[in-house]
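A.B. asks: Sharing data-v6.txt, compact mmCIF, N, CA and C atoms and all ligand atoms:
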# COMPACT_ATOMS: atom_id res chain seq x y z
N MET A 1 0.85 -1.19 0.00
CA MET A 1 0.00 0.00 0.00
C MET A 1 0.88 1.24 0.00
N SER A 2 0.52 2.20 -0.81
CA SER A 2 1.31 3.43 -0.83
C SER A 2 0.47 4.60 -0.34
N ILE A 3 1.13 5.56 0.18
CA ILE A 3 0.48 6.73 0.74
C ILE A 3 0.55 7.87 -0.28
N ALA A 4 -0.54 8.55 -0.46
CA ALA A 4 -0.57 9.65 -1.42
C ALA A 4 0.21 10.85 -0.90
N GLU A 5 0.77 11.59 -1.83
CA GLU A 5 1.53 12.78 -1.46
C GLU A 5 0.65 13.80 -0.74
N ASN A 6 -0.65 13.70 -0.97
CA ASN A 6 -1.53 14.66 -0.32
C ASN A 6 -2.27 14.05 0.87
N ASP A 7 -1.68 12.98 1.44
CA ASP A 7 -2.27 12.39 2.63
C ASP A 7 -2.47 13.48 3.69
N TRP A 8 -3.59 13.44 4.37
CA TRP A 8 -3.92 14.51 5.33
C TRP A 8 -2.89 14.66 6.44
N ARG A 9 -2.12 13.59 6.68
CA ARG A 9 -1.16 13.66 7.79
C ARG A 9 0.15 14.36 7.41
N LEU A 10 0.34 14.57 6.10
CA LEU A 10 1.60 15.18 5.66
C LEU A 10 1.54 16.70 5.70
N ARG A 11 2.49 17.31 6.35
CA ARG A 11 2.56 18.76 6.38
C ARG A 11 4.02 19.20 6.51
N GLY A 12 4.86 18.66 5.63
CA GLY A 12 6.25 19.11 5.59
C GLY A 12 7.22 18.35 6.48
N GLN A 13 6.79 17.18 7.02
CA GLN A 13 7.67 16.45 7.92
C GLN A 13 8.96 15.97 7.26
N GLU A 14 8.97 15.87 5.91
CA GLU A 14 10.18 15.38 5.26
C GLU A 14 11.36 16.31 5.51
N ARG A 15 11.09 17.56 5.85
CA ARG A 15 12.19 18.49 6.11
C ARG A 15 13.01 18.08 7.32
N TYR A 16 12.37 17.43 8.29
CA TYR A 16 13.11 17.08 9.50
C TYR A 16 13.05 15.60 9.86
N LEU A 17 12.23 14.84 9.16
CA LEU A 17 12.12 13.42 9.54
C LEU A 17 12.57 12.46 8.45
N ARG A 18 12.96 12.96 7.30
CA ARG A 18 13.39 12.07 6.24
C ARG A 18 14.70 11.36 6.62
N GLY A 19 14.75 10.03 6.38
CA GLY A 19 15.97 9.27 6.60
C GLY A 19 16.35 9.05 8.05
N ARG A 20 15.43 9.31 8.97
CA ARG A 20 15.76 9.15 10.40
C ARG A 20 15.74 7.68 10.80
N ALA A 21 16.44 7.39 11.87
CA ALA A 21 16.41 6.05 12.46
C ALA A 21 15.49 6.10 13.68
N TRP A 22 14.70 5.07 13.82
CA TRP A 22 13.71 5.03 14.90
C TRP A 22 13.87 3.75 15.71
N SER A 23 13.46 3.81 16.93
CA SER A 23 13.37 2.58 17.69
C SER A 23 12.01 2.51 18.34
N ARG A 24 11.49 1.27 18.37
CA ARG A 24 10.18 1.09 18.98
C ARG A 24 10.36 1.07 20.49
N ARG A 25 9.58 1.83 21.17
CA ARG A 25 9.72 1.88 22.62
C ARG A 25 8.41 2.27 23.29
N ARG A 26 8.35 1.90 24.55
CA ARG A 26 7.23 2.29 25.38
C ARG A 26 7.38 3.77 25.70
N TYR A 27 6.32 4.50 25.67
CA TYR A 27 6.43 5.93 25.92
C TYR A 27 6.82 6.20 27.37
N THR A 28 7.80 7.07 27.52
CA THR A 28 8.15 7.52 28.86
C THR A 28 8.20 9.04 28.86
N SER A 29 7.73 9.61 29.90
CA SER A 29 7.70 11.06 30.04
C SER A 29 9.13 11.62 30.04
N PRO A 30 9.44 12.61 29.20
CA PRO A 30 10.82 13.12 29.11
C PRO A 30 11.26 13.90 30.33
N ARG A 31 10.35 14.51 31.02
CA ARG A 31 10.70 15.23 32.25
C ARG A 31 9.44 15.54 33.03
N PRO A 32 9.59 15.83 34.32
CA PRO A 32 8.41 16.10 35.15
C PRO A 32 7.58 17.24 34.56
N GLY A 33 6.29 17.06 34.56
CA GLY A 33 5.41 18.10 34.05
C GLY A 33 5.15 17.98 32.56
N TRP A 34 5.81 17.02 31.92
CA TRP A 34 5.61 16.79 30.49
C TRP A 34 5.19 15.33 30.37
N ASP A 35 3.89 15.12 30.25
CA ASP A 35 3.40 13.74 30.37
C ASP A 35 2.95 13.13 29.07
N HIS A 36 3.09 13.85 27.97
CA HIS A 36 2.65 13.24 26.72
C HIS A 36 3.35 13.86 25.52
N ASP A 37 3.31 13.13 24.41
CA ASP A 37 3.76 13.65 23.13
C ASP A 37 2.71 13.26 22.11
N HIS A 38 2.89 13.76 20.89
CA HIS A 38 1.94 13.43 19.84
C HIS A 38 2.67 12.80 18.68
N CYS A 39 1.97 11.90 18.00
CA CYS A 39 2.49 11.36 16.76
C CYS A 39 2.73 12.53 15.80
N ALA A 40 3.89 12.53 15.15
CA ALA A 40 4.25 13.65 14.26
C ALA A 40 3.39 13.67 13.00
N PHE A 41 2.57 12.65 12.82
CA PHE A 41 1.76 12.60 11.60
C PHE A 41 0.26 12.71 11.90
N CYS A 42 -0.29 11.77 12.65
CA CYS A 42 -1.75 11.80 12.87
C CYS A 42 -2.11 12.56 14.14
N TRP A 43 -1.09 12.99 14.89
CA TRP A 43 -1.30 13.73 16.12
C TRP A 43 -1.94 12.88 17.21
N GLY A 44 -1.86 11.56 17.05
CA GLY A 44 -2.33 10.66 18.11
C GLY A 44 -1.52 10.91 19.38
N LYS A 45 -2.15 10.70 20.52
CA LYS A 45 -1.51 11.03 21.79
C LYS A 45 -0.77 9.83 22.37
N LEU A 46 0.45 10.06 22.81
CA LEU A 46 1.25 9.03 23.48
C LEU A 46 1.43 9.43 24.94
N MET A 47 1.12 8.47 25.83
CA MET A 47 1.27 8.72 27.26
C MET A 47 1.77 7.46 27.93
N GLU A 48 2.26 7.61 29.17
CA GLU A 48 2.70 6.43 29.91
C GLU A 48 1.52 5.58 30.36
N VAL A 49 0.39 6.19 30.52
CA VAL A 49 -0.78 5.47 31.02
C VAL A 49 -1.54 4.85 29.85
N GLN A 50 -2.28 3.81 30.15
CA GLN A 50 -3.15 3.23 29.15
C GLN A 50 -4.53 3.83 29.33
N ALA A 51 -5.03 4.42 28.28
CA ALA A 51 -6.34 5.04 28.35
C ALA A 51 -6.96 5.03 26.97
N ALA A 52 -8.23 5.34 26.90
CA ALA A 52 -8.90 5.39 25.61
C ALA A 52 -8.27 6.47 24.75
N ASP A 53 -8.09 6.15 23.48
CA ASP A 53 -7.52 7.11 22.52
C ASP A 53 -6.10 7.54 22.86
N VAL A 54 -5.40 6.73 23.64
CA VAL A 54 -4.02 7.05 24.00
C VAL A 54 -3.15 5.83 23.69
N LEU A 55 -1.98 6.08 23.14
CA LEU A 55 -1.03 5.01 22.85
C LEU A 55 0.04 5.01 23.93
N ASP A 56 0.46 3.81 24.36
CA ASP A 56 1.52 3.79 25.36
C ASP A 56 2.84 3.33 24.76
N GLU A 57 2.86 3.10 23.44
CA GLU A 57 4.14 2.85 22.80
C GLU A 57 4.08 3.28 21.35
N GLY A 58 5.26 3.51 20.79
CA GLY A 58 5.34 3.94 19.40
C GLY A 58 6.78 3.90 18.97
N TYR A 59 7.12 4.72 17.99
CA TYR A 59 8.50 4.79 17.51
C TYR A 59 9.05 6.18 17.80
N ALA A 60 10.29 6.22 18.29
CA ALA A 60 10.89 7.50 18.64
C ALA A 60 12.26 7.63 18.01
N THR A 61 12.65 8.88 17.74
CA THR A 61 14.01 9.15 17.28
C THR A 61 14.94 8.98 18.49
N ASP A 62 16.24 8.87 18.23
CA ASP A 62 17.19 8.62 19.30
C ASP A 62 17.12 9.65 20.42
N ASP A 63 16.86 10.89 20.06
CA ASP A 63 16.80 11.94 21.07
C ASP A 63 15.43 12.01 21.75
N LEU A 64 14.53 11.11 21.34
CA LEU A 64 13.17 11.06 21.90
C LEU A 64 12.40 12.35 21.64
N TYR A 65 12.83 13.09 20.66
CA TYR A 65 12.15 14.36 20.39
C TYR A 65 10.91 14.14 19.53
N TYR A 66 11.01 13.22 18.58
CA TYR A 66 9.88 12.95 17.71
C TYR A 66 9.33 11.56 17.97
N TRP A 67 8.03 11.46 17.97
CA TRP A 67 7.34 10.20 18.14
C TRP A 67 6.40 9.98 16.96
N VAL A 68 6.28 8.70 16.58
CA VAL A 68 5.36 8.34 15.52
C VAL A 68 4.62 7.09 15.99
N CYS A 69 3.32 7.06 15.75
CA CYS A 69 2.55 5.90 16.19
C CYS A 69 2.82 4.74 15.22
N PRO A 70 2.57 3.49 15.65
CA PRO A 70 2.86 2.33 14.80
C PRO A 70 2.17 2.38 13.45
N THR A 71 0.95 2.87 13.41
CA THR A 71 0.23 2.94 12.14
C THR A 71 0.93 3.89 11.17
N CYS A 72 1.28 5.07 11.64
CA CYS A 72 1.94 6.03 10.77
C CYS A 72 3.34 5.57 10.42
N PHE A 73 4.00 4.87 11.34
CA PHE A 73 5.33 4.36 11.02
C PHE A 73 5.25 3.43 9.82
N ASP A 74 4.31 2.52 9.86
CA ASP A 74 4.15 1.60 8.74
C ASP A 74 3.76 2.33 7.46
N ASP A 75 2.91 3.32 7.60
CA ASP A 75 2.41 4.02 6.41
C ASP A 75 3.49 4.88 5.74
N PHE A 76 4.40 5.45 6.53
CA PHE A 76 5.33 6.43 5.96
C PHE A 76 6.78 5.98 5.90
N LYS A 77 7.09 4.78 6.39
CA LYS A 77 8.50 4.40 6.47
C LYS A 77 9.15 4.34 5.09
N ALA A 78 8.42 3.91 4.07
CA ALA A 78 9.01 3.84 2.73
C ALA A 78 9.18 5.24 2.15
N MET A 79 8.13 6.06 2.27
CA MET A 79 8.18 7.41 1.73
C MET A 79 9.30 8.23 2.35
N PHE A 80 9.56 8.01 3.64
CA PHE A 80 10.55 8.80 4.35
C PHE A 80 11.90 8.10 4.50
N ALA A 81 12.03 6.90 3.90
CA ALA A 81 13.30 6.16 3.96
C ALA A 81 13.78 5.96 5.39
N TRP A 82 12.86 5.55 6.26
CA TRP A 82 13.21 5.35 7.66
C TRP A 82 13.90 4.01 7.88
N THR A 83 14.71 3.99 8.90
CA THR A 83 15.32 2.73 9.32
C THR A 83 14.94 2.48 10.77
N LEU A 84 15.02 1.22 11.15
CA LEU A 84 14.73 0.83 12.51
C LEU A 84 16.05 0.62 13.24
N ALA A 85 16.32 1.39 14.27
CA ALA A 85 17.57 1.28 15.00
C ALA A 85 17.71 -0.10 15.63
N GLU A 86 16.60 -0.69 16.04
CA GLU A 86 16.65 -2.01 16.67
C GLU A 86 17.20 -3.06 15.73
N ASP A 87 17.03 -2.83 14.44
CA ASP A 87 17.53 -3.77 13.45
C ASP A 87 18.96 -3.46 13.04
N GLY A 88 19.60 -2.57 13.76
CA GLY A 88 20.94 -2.17 13.40
C GLY A 88 20.95 -1.31 12.15
N GLY A 89 19.83 -0.67 11.86
CA GLY A 89 19.78 0.21 10.71
C GLY A 89 19.69 -0.51 9.39
N ARG A 90 19.42 -1.80 9.44
CA ARG A 90 19.35 -2.56 8.19
C ARG A 90 18.18 -2.10 7.34
N ILE A 91 18.41 -2.03 6.07
CA ILE A 91 17.36 -1.62 5.15
C ILE A 91 17.08 -2.76 4.19
N ASP A 92 15.84 -3.12 4.09
CA ASP A 92 15.45 -4.14 3.13
C ASP A 92 15.11 -3.45 1.82
N PRO A 93 15.97 -3.57 0.80
CA PRO A 93 15.76 -2.83 -0.45
C PRO A 93 14.42 -3.16 -1.10
N GLY A 94 13.91 -4.35 -0.87
CA GLY A 94 12.66 -4.74 -1.48
C GLY A 94 11.48 -3.93 -1.00
N ARG A 95 11.66 -3.27 0.14
CA ARG A 95 10.53 -2.51 0.67
C ARG A 95 10.68 -1.02 0.42
N MET A 96 11.74 -0.64 -0.25
CA MET A 96 11.97 0.78 -0.48
C MET A 96 11.37 1.23 -1.80
N HIS A 97 10.27 0.65 -2.17
CA HIS A 97 9.67 0.97 -3.45
C HIS A 97 9.15 2.42 -3.47
N VAL A 98 9.09 2.95 -4.66
CA VAL A 98 8.53 4.28 -4.86
C VAL A 98 7.40 4.16 -5.87
N ASP A 99 6.24 4.56 -5.47
CA ASP A 99 5.10 4.49 -6.40
C ASP A 99 4.80 5.87 -6.96
ZN ZN A 101 0.16 8.47 13.87
Can the structure in the file be given as structure tokens, please?
C.D. replies:
Amino acid sequence: MSIAENDWRLRGQERYLRGRAWSRRRYTSPRPGWDHDHCAFCWGKLMEVQAADVLDEGYATDDLYYWVCPTCFDDFKAMFAWTLAEDGGRIDPGRMHVD
């Protein structure tokens, strides 16, 4: 499945998220008083707690600055040439298709 260039979740993220490495992790609060982040694409909410409409895990950049929910990770990983840090950055060329 490919994502259209005009997908509603796209708003210029390629400027800062293209080619990034991500690792799947449980959400943890970065500091006291900051209890959530949002998926950089669908704006889904990530929190340490399990609650309705809240995700407790997703994919984060090494600095934990950007988070992406599992659905958006799957949808955009090819378009953004993402790698998974857990896999040692391995890229499967067969999945890097461009439609
Ligand atoms: Zn998302």
A.B. asks: How far is it from atom N of His38 (chain A) to CA of Trp67 (chain A), in Å with one decimal?
C.D. replies: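 These two atoms are separated by 6.3 Å.
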A.B. asks: Give me, as a PyMOL selection string, the set of residues whose atoms come within 12 Å of any atom of ligand ZN 101 (chain A), counting only C-alpha atoms and all ligand atoms.
C.D. replies: chain A and resi 8-10+37-46+53-55+57-60+66-77
A.B. asks: Given all atoms listed in the file as the basis, pick out the residue of A:Arg31, A:Met47, A:Arg20, A:Ile3 nearest to Ala85 (chain A).
C.D. replies: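 Among the listed residues, the smallest separation from Ala85 (chain A) belongs to A:Arg20.
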A.B. asks: Which of these residues is nearest to Thr83 (chain A), using all atoms listed in the file: A:Trp22, A:Tyr65, A:Tyr27, A:Trp34?
C.D. replies: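 Among the listed residues, the smallest separation from Thr83 (chain A) belongs to A:Trp22.
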A.B. asks: From the DSSP assignment of the backbone, select every residue of region 6-93 of chain A that is strand (DSSP E), and format the answer as a list of chain:residue names.
C.D. replies: A:Ala21, A:Trp22, A:Ser23, A:Arg24, A:Arg25, A:Arg26, A:His36, A:Asp37, A:His38, A:Lys45, A:Leu46, A:Met47, A:Val54, A:Leu55, A:Glu57, A:Gly58, A:Tyr59, A:Ala60, A:Thr61, A:Trp67, A:Val68, A:Thr83, A:Leu84
A.B. asks: Report, in Å to a single decimal, how far apart CA of Ala51 (chain A) and CA of Ser29 (chain A) are.
C.D. replies: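 CA of Ala51 (chain A) lies 15.4 Å from CA of Ser29 (chain A).
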A.B. asks: Could you state the separation of CA of Val49 (chain A) and atom N of Pro32 (chain A) in Å, given to one decimal place?
C.D. replies: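 Separation between CA of Val49 (chain A) and atom N of Pro32 (chain A): 15.0 Å.
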A.B. asks: Pick from A:Met79, A:Leu17, A:Ala52, A:Leu84: nearest to Ala4 (chain A), with only C-alpha atoms counted?
C.D. replies: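 Using only C-alpha atoms, Ala4 (chain A) sits closest to A:Met79.
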A.B. asks: Step one, run DSSP on the backbone; step two, keep only residues of chain A assigned to alpha helix (DSSP H); then write them as a PyMOL selection string.
C.D. replies: chain A and resi 14-17+70-76
